[in-house]
Amino acid sequence: MNVIVIGGGIVGVATAYQLRAAGHRVCVVERHATVAQGATWGHSGIVLPTPLDVWFGPTFMSGRRGAASGVISKTGFNGPARAFVRRLATLQDANAFAAQYERLRPLVESAREALADIESRFGLEFEQSDGVLHLVRGNTDWELAQPALDLLRRFEVPHHVLTPAECAEHERAVPADPAFAGGVLFESERTANCPLFVKLLKQVLDTEGGVQFQTGREVTAIRLDNTRAAVELAPREGESARSREVDVISGDAVVLAAGAGSLPLAARLGLRLPLYPLRLHTLTAPIAHEECAPHMTVIDTMKRVVIAPLSQRLRIAGGAVLQAAGLADKPLPEALTEDALALLGEASRDWVPGAAKISAALPWEGLKLLASDGLPAVGNALHPRLFVNAGHGPAGWGLALGSAKVVADLVSGATPAVPPDTLAALRPERLQD
């Protein structure tokens, strides 16, 4: 089959890879001049999420506001924003959280296998590093983390629960004073440079053939009928729309993997995806003092701020801003941006003081989609020739490799390896009012 993939970020390129591996011919359409330029560029580095990383459950927005929760909320929410928060709140119940994570876990393990296969096949180096240390500030927060710790034990995820002194012993950049509640060490979990991985994977696809990349082209509409699928493209920069016919690429199926850009394209087809845009921030800072820099990734668990070492710099990511969805395509007010970046700087000073030169940091701001049930939207939707792969959220960029395998199986008419309960939970048309 000829398959059109809309989006050249981690999700789109991973989908193209899995489709090509399944024997399909693929055309990837990306609006930027090259791949990995949108939300992919702003990933924290966390490869795969544990129960402590996912953006749902007892530790996420549990009765907190503003900087205390790591999510800055803009007042004046509309109905969809309020509904999004209410639905997320239902997963703060320990049993609901456990059930939903159990649905997600097969996708995590599928992604782990897919990434290991790619690394063994091609020997890619994309600044991988082992070791993730979650830190918890207070005793109340520690209690909220217990359902996640229960899941780690239940699924036999290798980890160590540490006292504050043990945290400081394993990661000397972390100060033992002021006091904090403790931490959880994952020695085998990893962080890596997501944009670099995507660019290297594109090079693999360019070399092996079977995948064409149309960059600098924006999809304006999707066409679907009984025999073909197609996408309409906006004029190239400097080209008048009146001077030519509409530029169309045709194929047998379309995969919508364009991040936040997936929402308007789906809406024009009458498909309302169960996803909400969050605005995320990162600071990429040079290391100020080598002796103060962490040798492993450090995470402020409750504030959802990740501090990941990447070569001679630190990637500090988090600072989510939740606002009305209609404001997603408008510039964020300066005050909210300042609040979000201040949250990142504060986490750096608290957990790895002296490590980052924040004054010289490069900021990034972009949209990432999150479902109110915490799971991505993956699968066939609305029409037999339309597939969706979106909404993986801020934690765990490697999840895209697992969901890409699901999409490739579905396009091929094969039964995905994930359990039926997981497949049903990922369905793009769920949560319809």
# chains A, B, ... in the order shown; residues from 1 in each chain; ligands from 1
$ residues_around --residues "Leu185 in chain A" --least-positions-apart "6" --cutoff "8 Å" --atoms "only C-alpha atoms" --output "PyMOL selection string"
chain A and resi 131-134+159-162
$ write_last_selection --atoms "C-alpha atoms" --output "mmCIF file, in the first residue's frame"
data_model
loop_
_atom_site.group_PDB
_atom_site.id
_atom_site.type_symbol
_atom_site.label_atom_id
_atom_site.label_comp_id
_atom_site.auth_asym_id
_atom_site.auth_seq_id
_atom_site.Cartn_x
_atom_site.Cartn_y
_atom_site.Cartn_z
ATOM 1 C CA GLY A 131 19.670 6.491 35.320
ATOM 2 C CA VAL A 132 16.598 8.468 36.342
ATOM 3 C CA LEU A 133 16.137 9.782 39.875
ATOM 4 C CA HIS A 134 12.685 10.966 40.964
ATOM 5 C CA HIS A 159 13.779 0.479 41.088
ATOM 6 C CA HIS A 160 15.142 1.528 44.464
ATOM 7 C CA VAL A 161 13.269 3.604 47.043
ATOM 8 C CA LEU A 162 15.832 5.920 48.651
#
$ residues_around --residues "Leu115 in chain A" --least-positions-apart "2" --cutoff "12 Å" --atoms "only C-alpha atoms" --output "ChimeraX atom specification"
/A:14,17-18,47-48,108-113,117-124,126,128,190,192,197-198,201,397-405
$ select_by_dssp --residues "range 32-241 of chain A" --states "strand (DSSP E or B)" --output "PyMOL selection string"
chain A and resi 46+71-73+129-136+160-162+182-191+211-215+219-224+229-233
$ closest_residue --among "A:Asn226, A:Thr59, A:Thr207, A:Thr15" --to "Leu91 in chain A" --atoms "only C-alpha atoms"
A:Thr59
$ residues_around --residues "range 220-223 of chain A" --least-positions-apart "4" --cutoff "12 Å" --atoms "only C-alpha atoms" --output "PyMOL selection string"
chain A and resi 4-6+29-31+227-235+246-256+258+261-271+383+385-387
$ write_last_selection --atoms "N, CA and C atoms" --output "CSV table (one decimal), in the first residue's frame"
chain,number,residue,atom,x,y,z
A,4,ILE,N,0.2,7.8,3.3
A,4,ILE,CA,0.6,9.2,3.6
A,4,ILE,C,0.7,9.4,5.1
A,5,VAL,N,1.8,9.8,5.6
A,5,VAL,CA,1.9,10.1,7.0
A,5,VAL,C,2.0,11.7,7.1
A,6,ILE,N,1.1,12.3,7.9
A,6,ILE,CA,1.1,13.7,8.1
A,6,ILE,C,1.8,14.0,9.4
A,29,VAL,N,4.7,13.9,5.0
A,29,VAL,CA,4.5,15.3,4.7
A,29,VAL,C,4.7,16.1,6.0
A,30,GLU,N,5.7,17.1,6.0
A,30,GLU,CA,6.0,17.8,7.2
A,30,GLU,C,6.1,19.3,6.8
A,31,ARG,N,5.4,20.1,7.6
A,31,ARG,CA,5.3,21.6,7.3
A,31,ARG,C,6.6,22.3,7.5
A,227,THR,N,-12.2,4.4,-2.6
A,227,THR,CA,-11.0,3.8,-3.3
A,227,THR,C,-9.7,4.4,-3.0
A,228,ARG,N,-9.6,5.6,-2.6
A,228,ARG,CA,-8.4,6.3,-2.4
A,228,ARG,C,-8.5,7.2,-1.2
A,229,ALA,N,-7.3,7.6,-0.7
A,229,ALA,CA,-7.1,8.7,0.3
A,229,ALA,C,-6.2,9.7,-0.2
A,230,ALA,N,-6.3,10.9,0.1
A,230,ALA,CA,-5.5,12.0,-0.4
A,230,ALA,C,-5.4,13.1,0.6
A,231,VAL,N,-4.3,14.0,0.4
A,231,VAL,CA,-4.2,15.2,1.2
A,231,VAL,C,-4.0,16.4,0.3
A,232,GLU,N,-4.6,17.5,0.6
A,232,GLU,CA,-4.4,18.7,-0.1
A,232,GLU,C,-3.3,19.5,0.6
A,233,LEU,N,-2.4,20.1,-0.2
A,233,LEU,CA,-1.3,20.9,0.3
A,233,LEU,C,-1.4,22.4,0.1
A,234,ALA,N,-1.0,23.2,1.1
A,234,ALA,CA,-1.0,24.6,0.9
A,234,ALA,C,0.1,25.0,-0.1
A,235,PRO,N,-0.1,26.2,-0.7
A,235,PRO,CA,1.0,26.6,-1.7
A,235,PRO,C,2.3,26.7,-1.0
A,246,VAL,N,-5.1,22.9,-7.0
A,246,VAL,CA,-4.7,22.5,-5.7
A,246,VAL,C,-3.7,21.3,-5.8
A,247,ASP,N,-2.6,21.4,-5.0
A,247,ASP,CA,-1.6,20.3,-5.0
A,247,ASP,C,-2.1,19.2,-4.1
A,248,VAL,N,-2.2,18.0,-4.7
A,248,VAL,CA,-2.8,16.8,-4.0
A,248,VAL,C,-1.8,15.7,-4.0
A,249,ILE,N,-1.6,15.0,-2.9
A,249,ILE,CA,-0.9,13.7,-2.9
A,249,ILE,C,-1.9,12.6,-2.6
A,250,SER,N,-1.9,11.6,-3.4
A,250,SER,CA,-2.9,10.5,-3.2
A,250,SER,C,-2.2,9.2,-2.7
A,251,GLY,N,-3.0,8.4,-2.0
A,251,GLY,CA,-2.5,7.1,-1.6
A,251,GLY,C,-3.6,6.2,-1.2
A,252,ASP,N,-3.3,5.1,-0.5
A,252,ASP,CA,-4.3,4.1,-0.1
A,252,ASP,C,-4.8,4.4,1.3
A,253,ALA,N,-4.0,5.1,2.1
A,253,ALA,CA,-4.4,5.4,3.5
A,253,ALA,C,-3.6,6.6,4.0
A,254,VAL,N,-4.2,7.3,5.0
A,254,VAL,CA,-3.6,8.4,5.6
A,254,VAL,C,-3.4,8.2,7.1
A,255,VAL,N,-2.2,8.5,7.7
A,255,VAL,CA,-2.0,8.5,9.1
A,255,VAL,C,-1.8,9.9,9.6
A,256,LEU,N,-2.7,10.3,10.5
A,256,LEU,CA,-2.6,11.7,11.1
A,256,LEU,C,-1.7,11.6,12.3
A,258,ALA,N,0.4,14.5,13.3
A,258,ALA,CA,0.9,15.9,13.2
A,258,ALA,C,0.9,16.6,14.6
A,261,GLY,N,-1.2,19.9,15.3
A,261,GLY,CA,-1.8,20.1,14.0
A,261,GLY,C,-2.8,19.1,13.6
A,262,SER,N,-2.9,18.0,14.4
A,262,SER,CA,-3.9,16.9,14.0
A,262,SER,C,-5.3,17.4,14.4
A,263,LEU,N,-5.4,18.2,15.4
A,263,LEU,CA,-6.8,18.6,15.8
A,263,LEU,C,-7.6,19.3,14.8
A,264,PRO,N,-7.1,20.4,14.1
A,264,PRO,CA,-7.9,21.0,13.1
A,264,PRO,C,-8.2,20.1,11.9
A,265,LEU,N,-7.2,19.3,11.5
A,265,LEU,CA,-7.4,18.5,10.3
A,265,LEU,C,-8.4,17.4,10.6
A,266,ALA,N,-8.4,16.9,11.8
A,266,ALA,CA,-9.5,15.9,12.2
A,266,ALA,C,-10.8,16.6,12.3
A,267,ALA,N,-10.9,17.8,12.8
A,267,ALA,CA,-12.1,18.5,13.0
A,267,ALA,C,-12.8,18.8,11.6
A,268,ARG,N,-12.0,19.0,10.6
A,268,ARG,CA,-12.6,19.3,9.3
A,268,ARG,C,-13.2,18.1,8.7
A,269,LEU,N,-12.9,16.9,9.2
A,269,LEU,CA,-13.5,15.6,8.8
A,269,LEU,C,-14.7,15.3,9.7
A,270,GLY,N,-14.9,16.0,10.7
A,270,GLY,CA,-16.0,15.7,11.6
A,270,GLY,C,-15.5,14.8,12.8
A,271,LEU,N,-14.2,14.6,12.9
A,271,LEU,CA,-13.6,13.8,14.0
A,271,LEU,C,-13.1,14.6,15.1
A,383,HIS,N,-13.1,6.5,9.2
A,383,HIS,CA,-13.1,5.9,7.8
A,383,HIS,C,-12.1,4.8,7.7
A,385,ARG,N,-9.8,4.2,5.7
A,385,ARG,CA,-8.5,4.6,5.2
A,385,ARG,C,-7.8,5.7,6.1
A,386,LEU,N,-8.4,6.0,7.2
A,386,LEU,CA,-7.9,7.1,8.1
A,386,LEU,C,-7.4,6.4,9.4
A,387,PHE,N,-6.2,6.7,9.8
A,387,PHE,CA,-5.6,6.3,11.0
A,387,PHE,C,-5.0,7.4,11.8
$ residues_around --residues "Phe213 in chain A" --least-positions-apart "4" --cutoff "12 Å" --atoms "only C-alpha atoms" --output "compact mmCIF listing (two decimals) with N, CA and C atoms, in the first residue's frame"
# COMPACT_ATOMS: atom_id res chain seq x y z
N ILE A 4 0.23 7.78 3.30
CA ILE A 4 0.65 9.15 3.55
C ILE A 4 0.65 9.38 5.07
N VAL A 5 1.78 9.81 5.59
CA VAL A 5 1.89 10.14 7.01
C VAL A 5 2.00 11.65 7.14
N ILE A 6 1.09 12.25 7.87
CA ILE A 6 1.11 13.69 8.08
C ILE A 6 1.85 13.97 9.38
N GLY A 7 3.02 14.59 9.30
CA GLY A 7 3.81 14.92 10.47
C GLY A 7 5.18 14.29 10.42
N GLY A 8 6.22 15.12 10.62
CA GLY A 8 7.59 14.64 10.59
C GLY A 8 8.29 14.75 11.92
N GLY A 9 7.54 14.62 13.02
CA GLY A 9 8.15 14.56 14.33
C GLY A 9 8.44 13.12 14.70
N GLY A 12 5.51 10.79 13.61
CA GLY A 12 5.39 10.57 12.16
C GLY A 12 6.54 9.75 11.59
N VAL A 13 7.76 10.05 12.02
CA VAL A 13 8.91 9.33 11.48
C VAL A 13 8.93 7.89 12.01
N ALA A 16 6.41 6.06 9.96
CA ALA A 16 6.94 5.75 8.63
C ALA A 16 7.89 4.56 8.69
N ARG A 25 4.85 1.46 1.06
CA ARG A 25 5.53 2.65 0.56
C ARG A 25 4.93 3.86 1.26
N VAL A 26 5.78 4.79 1.69
CA VAL A 26 5.34 5.85 2.58
C VAL A 26 5.77 7.21 2.05
N CYS A 27 4.88 8.19 2.20
CA CYS A 27 5.21 9.59 1.95
C CYS A 27 4.93 10.37 3.23
N VAL A 28 5.96 10.97 3.80
CA VAL A 28 5.82 11.79 5.02
C VAL A 28 5.74 13.25 4.61
N VAL A 29 4.69 13.93 5.04
CA VAL A 29 4.51 15.35 4.73
C VAL A 29 4.71 16.14 6.02
N GLU A 30 5.68 17.06 6.00
CA GLU A 30 6.04 17.84 7.18
C GLU A 30 6.05 19.33 6.82
N ARG A 31 5.40 20.13 7.64
CA ARG A 31 5.27 21.56 7.31
C ARG A 31 6.57 22.35 7.52
N HIS A 32 7.44 21.86 8.42
CA HIS A 32 8.71 22.55 8.63
C HIS A 32 9.72 22.14 7.55
N ALA A 33 10.85 22.85 7.54
CA ALA A 33 11.85 22.61 6.51
C ALA A 33 12.57 21.29 6.69
N THR A 34 12.51 20.74 7.89
CA THR A 34 13.11 19.43 8.14
C THR A 34 12.33 18.75 9.25
N VAL A 35 12.72 17.54 9.60
CA VAL A 35 12.00 16.79 10.62
C VAL A 35 12.40 17.26 12.02
N LYS A 202 15.51 9.16 10.20
CA LYS A 202 15.23 9.62 8.83
C LYS A 202 16.38 9.25 7.89
N GLN A 203 17.62 9.39 8.35
CA GLN A 203 18.76 9.01 7.53
C GLN A 203 18.70 7.52 7.17
N LEU A 205 15.97 5.74 6.87
CA LEU A 205 14.90 5.59 5.88
C LEU A 205 15.34 6.12 4.51
N ASP A 206 16.08 7.22 4.52
CA ASP A 206 16.58 7.76 3.25
C ASP A 206 17.51 6.74 2.57
N GLY A 209 15.43 3.43 1.47
CA GLY A 209 14.43 3.66 0.43
C GLY A 209 13.03 3.24 0.85
N ARG A 217 5.99 21.50 3.46
CA ARG A 217 4.66 21.43 2.87
C ARG A 217 3.63 21.24 3.99
$ residues_around --residues "Leu283 in chain A" --least-positions-apart "6" --cutoff "12 Å" --atoms "only C-alpha atoms" --output "MDAnalysis selection string"
chainID A and resid 41:44 305:309 313:319 337 340:348 356:365
$ residues_around --residues "Leu149 in chain A" --least-positions-apart "3" --cutoff "9 Å" --atoms "only C-alpha atoms" --output "PyMOL selection string"
chain A and resi 51-52+145-146+152-154+161+184
$ write_last_selection --atoms "N, CA and C atoms" --output "PDB file, in the first residue's frame"
ATOM      1  N   PRO A  51       5.222   4.574  36.156  1.00  0.00           N
ATOM      2  CA  PRO A  51       4.030   5.127  36.818  1.00  0.00           C
ATOM      3  C   PRO A  51       4.263   6.483  37.480  1.00  0.00           C
ATOM      4  N   LEU A  52       5.519   6.836  37.751  1.00  0.00           N
ATOM      5  CA  LEU A  52       5.804   8.144  38.334  1.00  0.00           C
ATOM      6  C   LEU A  52       5.900   9.248  37.284  1.00  0.00           C
ATOM      7  N   ALA A 145       2.472   9.456  46.220  1.00  0.00           N
ATOM      8  CA  ALA A 145       3.248   8.644  45.278  1.00  0.00           C
ATOM      9  C   ALA A 145       3.120   7.149  45.537  1.00  0.00           C
ATOM     10  N   GLN A 146       2.530   6.754  46.657  1.00  0.00           N
ATOM     11  CA  GLN A 146       2.484   5.334  47.007  1.00  0.00           C
ATOM     12  C   GLN A 146       1.757   4.472  45.965  1.00  0.00           C
ATOM     13  N   LEU A 152       4.916  -0.151  40.572  1.00  0.00           N
ATOM     14  CA  LEU A 152       6.293  -0.555  40.269  1.00  0.00           C
ATOM     15  C   LEU A 152       6.586  -1.946  40.831  1.00  0.00           C
ATOM     16  N   ARG A 153       6.109  -2.191  42.039  1.00  0.00           N
ATOM     17  CA  ARG A 153       6.305  -3.516  42.641  1.00  0.00           C
ATOM     18  C   ARG A 153       5.459  -4.578  41.932  1.00  0.00           C
ATOM     19  N   ARG A 154       4.230  -4.208  41.627  1.00  0.00           N
ATOM     20  CA  ARG A 154       3.328  -5.168  40.981  1.00  0.00           C
ATOM     21  C   ARG A 154       3.847  -5.633  39.632  1.00  0.00           C
ATOM     22  N   VAL A 161      13.816   2.512  46.236  1.00  0.00           N
ATOM     23  CA  VAL A 161      13.269   3.604  47.043  1.00  0.00           C
ATOM     24  C   VAL A 161      14.368   4.082  47.979  1.00  0.00           C
ATOM     25  N   VAL A 184      13.122   7.957  44.243  1.00  0.00           N
ATOM     26  CA  VAL A 184      13.037   6.635  43.616  1.00  0.00           C
ATOM     27  C   VAL A 184      14.036   6.622  42.461  1.00  0.00           C
TER      28      VAL A 184
END
$ atom_distance --atom1 "CA of Val71 in chain A" --atom2 "CA of Ala148 in chain A"
19.7 Å
$ residues_around --residues "Ala99 in chain A" --least-positions-apart "3" --cutoff "12 Å" --atoms "only C-alpha atoms" --output "PyMOL selection string"
chain A and resi 51+56-57+90-96+102-105+147-148+151+373-375+421-422+425
$ write_last_selection --atoms "N, CA and C atoms" --output "PDB file, in the first residue's frame"
ATOM      1  N   PRO A  51       5.222   4.574  36.156  1.00  0.00           N
ATOM      2  CA  PRO A  51       4.030   5.127  36.818  1.00  0.00           C
ATOM      3  C   PRO A  51       4.263   6.483  37.480  1.00  0.00           C
ATOM      4  N   PHE A  56      -1.015  11.637  34.672  1.00  0.00           N
ATOM      5  CA  PHE A  56      -2.322  11.378  35.266  1.00  0.00           C
ATOM      6  C   PHE A  56      -2.084  10.603  36.548  1.00  0.00           C
ATOM      7  N   GLY A  57      -3.103  10.499  37.380  1.00  0.00           N
ATOM      8  CA  GLY A  57      -2.969   9.741  38.615  1.00  0.00           C
ATOM      9  C   GLY A  57      -2.919  10.610  39.853  1.00  0.00           C
ATOM     10  N   THR A  90     -10.639  12.111  37.844  1.00  0.00           N
ATOM     11  CA  THR A  90     -11.166  10.785  38.169  1.00  0.00           C
ATOM     12  C   THR A  90     -10.054   9.749  38.290  1.00  0.00           C
ATOM     13  N   LEU A  91      -8.903  10.010  37.650  1.00  0.00           N
ATOM     14  CA  LEU A  91      -7.786   9.076  37.701  1.00  0.00           C
ATOM     15  C   LEU A  91      -6.900   9.298  38.914  1.00  0.00           C
ATOM     16  N   GLN A  92      -7.265  10.252  39.784  1.00  0.00           N
ATOM     17  CA  GLN A  92      -6.528  10.426  41.030  1.00  0.00           C
ATOM     18  C   GLN A  92      -6.879   9.338  42.040  1.00  0.00           C
ATOM     19  N   ASP A  93      -7.986   8.653  41.826  1.00  0.00           N
ATOM     20  CA  ASP A  93      -8.305   7.482  42.623  1.00  0.00           C
ATOM     21  C   ASP A  93      -7.281   6.386  42.319  1.00  0.00           C
ATOM     22  N   ALA A  94      -6.754   5.764  43.368  1.00  0.00           N
ATOM     23  CA  ALA A  94      -5.667   4.800  43.190  1.00  0.00           C
ATOM     24  C   ALA A  94      -6.064   3.627  42.302  1.00  0.00           C
ATOM     25  N   ASN A  95      -7.293   3.145  42.447  1.00  0.00           N
ATOM     26  CA  ASN A  95      -7.732   2.001  41.641  1.00  0.00           C
ATOM     27  C   ASN A  95      -7.899   2.382  40.177  1.00  0.00           C
ATOM     28  N   ALA A  96      -8.477   3.566  39.939  1.00  0.00           N
ATOM     29  CA  ALA A  96      -8.643   4.032  38.556  1.00  0.00           C
ATOM     30  C   ALA A  96      -7.285   4.255  37.903  1.00  0.00           C
ATOM     31  N   GLU A 102      -2.332   0.048  33.714  1.00  0.00           N
ATOM     32  CA  GLU A 102      -2.249  -1.330  33.227  1.00  0.00           C
ATOM     33  C   GLU A 102      -2.570  -1.398  31.741  1.00  0.00           C
ATOM     34  N   ARG A 103      -3.469  -0.526  31.269  1.00  0.00           N
ATOM     35  CA  ARG A 103      -3.769  -0.480  29.835  1.00  0.00           C
ATOM     36  C   ARG A 103      -2.607   0.121  29.047  1.00  0.00           C
ATOM     37  N   LEU A 104      -1.922   1.070  29.646  1.00  0.00           N
ATOM     38  CA  LEU A 104      -0.811   1.731  28.961  1.00  0.00           C
ATOM     39  C   LEU A 104       0.439   0.855  28.903  1.00  0.00           C
ATOM     40  N   ARG A 105       0.652   0.045  29.903  1.00  0.00           N
ATOM     41  CA  ARG A 105       1.920  -0.663  30.054  1.00  0.00           C
ATOM     42  C   ARG A 105       2.290  -1.530  28.849  1.00  0.00           C
ATOM     43  N   PRO A 147       0.633   4.902  45.368  1.00  0.00           N
ATOM     44  CA  PRO A 147       0.014   4.063  44.325  1.00  0.00           C
ATOM     45  C   PRO A 147       0.950   3.778  43.154  1.00  0.00           C
ATOM     46  N   ALA A 148       1.789   4.755  42.803  1.00  0.00           N
ATOM     47  CA  ALA A 148       2.758   4.524  41.729  1.00  0.00           C
ATOM     48  C   ALA A 148       3.810   3.520  42.177  1.00  0.00           C
ATOM     49  N   LEU A 151       2.475   0.071  41.904  1.00  0.00           N
ATOM     50  CA  LEU A 151       2.497  -0.449  40.532  1.00  0.00           C
ATOM     51  C   LEU A 151       3.898  -0.885  40.123  1.00  0.00           C
ATOM     52  N   ASP A 373      -7.755  10.966  29.773  1.00  0.00           N
ATOM     53  CA  ASP A 373      -7.566   9.662  30.407  1.00  0.00           C
ATOM     54  C   ASP A 373      -6.104   9.228  30.358  1.00  0.00           C
ATOM     55  N   GLY A 374      -5.221  10.150  29.924  1.00  0.00           N
ATOM     56  CA  GLY A 374      -3.796   9.916  29.975  1.00  0.00           C
ATOM     57  C   GLY A 374      -3.202   9.083  28.862  1.00  0.00           C
ATOM     58  N   LEU A 375      -4.015   8.531  27.971  1.00  0.00           N
ATOM     59  CA  LEU A 375      -3.521   7.627  26.931  1.00  0.00           C
ATOM     60  C   LEU A 375      -3.512   8.319  25.573  1.00  0.00           C
ATOM     61  N   ASP A 421      -7.780  -5.031  25.359  1.00  0.00           N
ATOM     62  CA  ASP A 421      -8.167  -3.956  26.279  1.00  0.00           C
ATOM     63  C   ASP A 421      -7.354  -2.696  26.023  1.00  0.00           C
ATOM     64  N   THR A 422      -6.069  -2.869  25.761  1.00  0.00           N
ATOM     65  CA  THR A 422      -5.214  -1.711  25.457  1.00  0.00           C
ATOM     66  C   THR A 422      -5.625  -1.084  24.136  1.00  0.00           C
ATOM     67  N   ALA A 425      -8.708   0.884  24.588  1.00  0.00           N
ATOM     68  CA  ALA A 425      -8.481   2.095  25.387  1.00  0.00           C
ATOM     69  C   ALA A 425      -7.793   3.195  24.589  1.00  0.00           C
TER      70      ALA A 425
END
$ select_by_dssp --residues "range 267-346 of chain A" --states "helix (DSSP H, G or I)" --output "PyMOL selection string"
chain A and resi 267-268+290-292+325-327+334-346
$ decode --residues "range 256-271 of chain A" --atoms "N, CA and C atoms" --output "CSV table (one decimal), in the first residue's frame"
chain,number,residue,atom,x,y,z
A,256,LEU,N,-2.7,10.3,10.5
A,256,LEU,CA,-2.6,11.7,11.1
A,256,LEU,C,-1.7,11.6,12.3
A,257,ALA,N,-0.5,12.2,12.2
A,257,ALA,CA,0.5,12.1,13.2
A,257,ALA,C,1.2,13.5,13.3
A,258,ALA,N,0.4,14.5,13.3
A,258,ALA,CA,0.9,15.9,13.2
A,258,ALA,C,0.9,16.6,14.6
A,259,GLY,N,0.8,15.9,15.7
A,259,GLY,CA,0.8,16.6,17.0
A,259,GLY,C,-0.4,17.5,17.1
A,260,ALA,N,-0.2,18.7,17.6
A,260,ALA,CA,-1.3,19.7,17.8
A,260,ALA,C,-2.0,20.0,16.4
A,261,GLY,N,-1.2,19.9,15.3
A,261,GLY,CA,-1.8,20.1,14.0
A,261,GLY,C,-2.8,19.1,13.6
A,262,SER,N,-2.9,18.0,14.4
A,262,SER,CA,-3.9,16.9,14.0
A,262,SER,C,-5.3,17.4,14.4
A,263,LEU,N,-5.4,18.2,15.4
A,263,LEU,CA,-6.8,18.6,15.8
A,263,LEU,C,-7.6,19.3,14.8
A,264,PRO,N,-7.1,20.4,14.1
A,264,PRO,CA,-7.9,21.0,13.1
A,264,PRO,C,-8.2,20.1,11.9
A,265,LEU,N,-7.2,19.3,11.5
A,265,LEU,CA,-7.4,18.5,10.3
A,265,LEU,C,-8.4,17.4,10.6
A,266,ALA,N,-8.4,16.9,11.8
A,266,ALA,CA,-9.5,15.9,12.2
A,266,ALA,C,-10.8,16.6,12.3
A,267,ALA,N,-10.9,17.8,12.8
A,267,ALA,CA,-12.1,18.5,13.0
A,267,ALA,C,-12.8,18.8,11.6
A,268,ARG,N,-12.0,19.0,10.6
A,268,ARG,CA,-12.6,19.3,9.3
A,268,ARG,C,-13.2,18.1,8.7
A,269,LEU,N,-12.9,16.9,9.2
A,269,LEU,CA,-13.5,15.6,8.8
A,269,LEU,C,-14.7,15.3,9.7
A,270,GLY,N,-14.9,16.0,10.7
A,270,GLY,CA,-16.0,15.7,11.6
A,270,GLY,C,-15.5,14.8,12.8
A,271,LEU,N,-14.2,14.6,12.9
A,271,LEU,CA,-13.6,13.8,14.0
A,271,LEU,C,-13.1,14.6,15.1
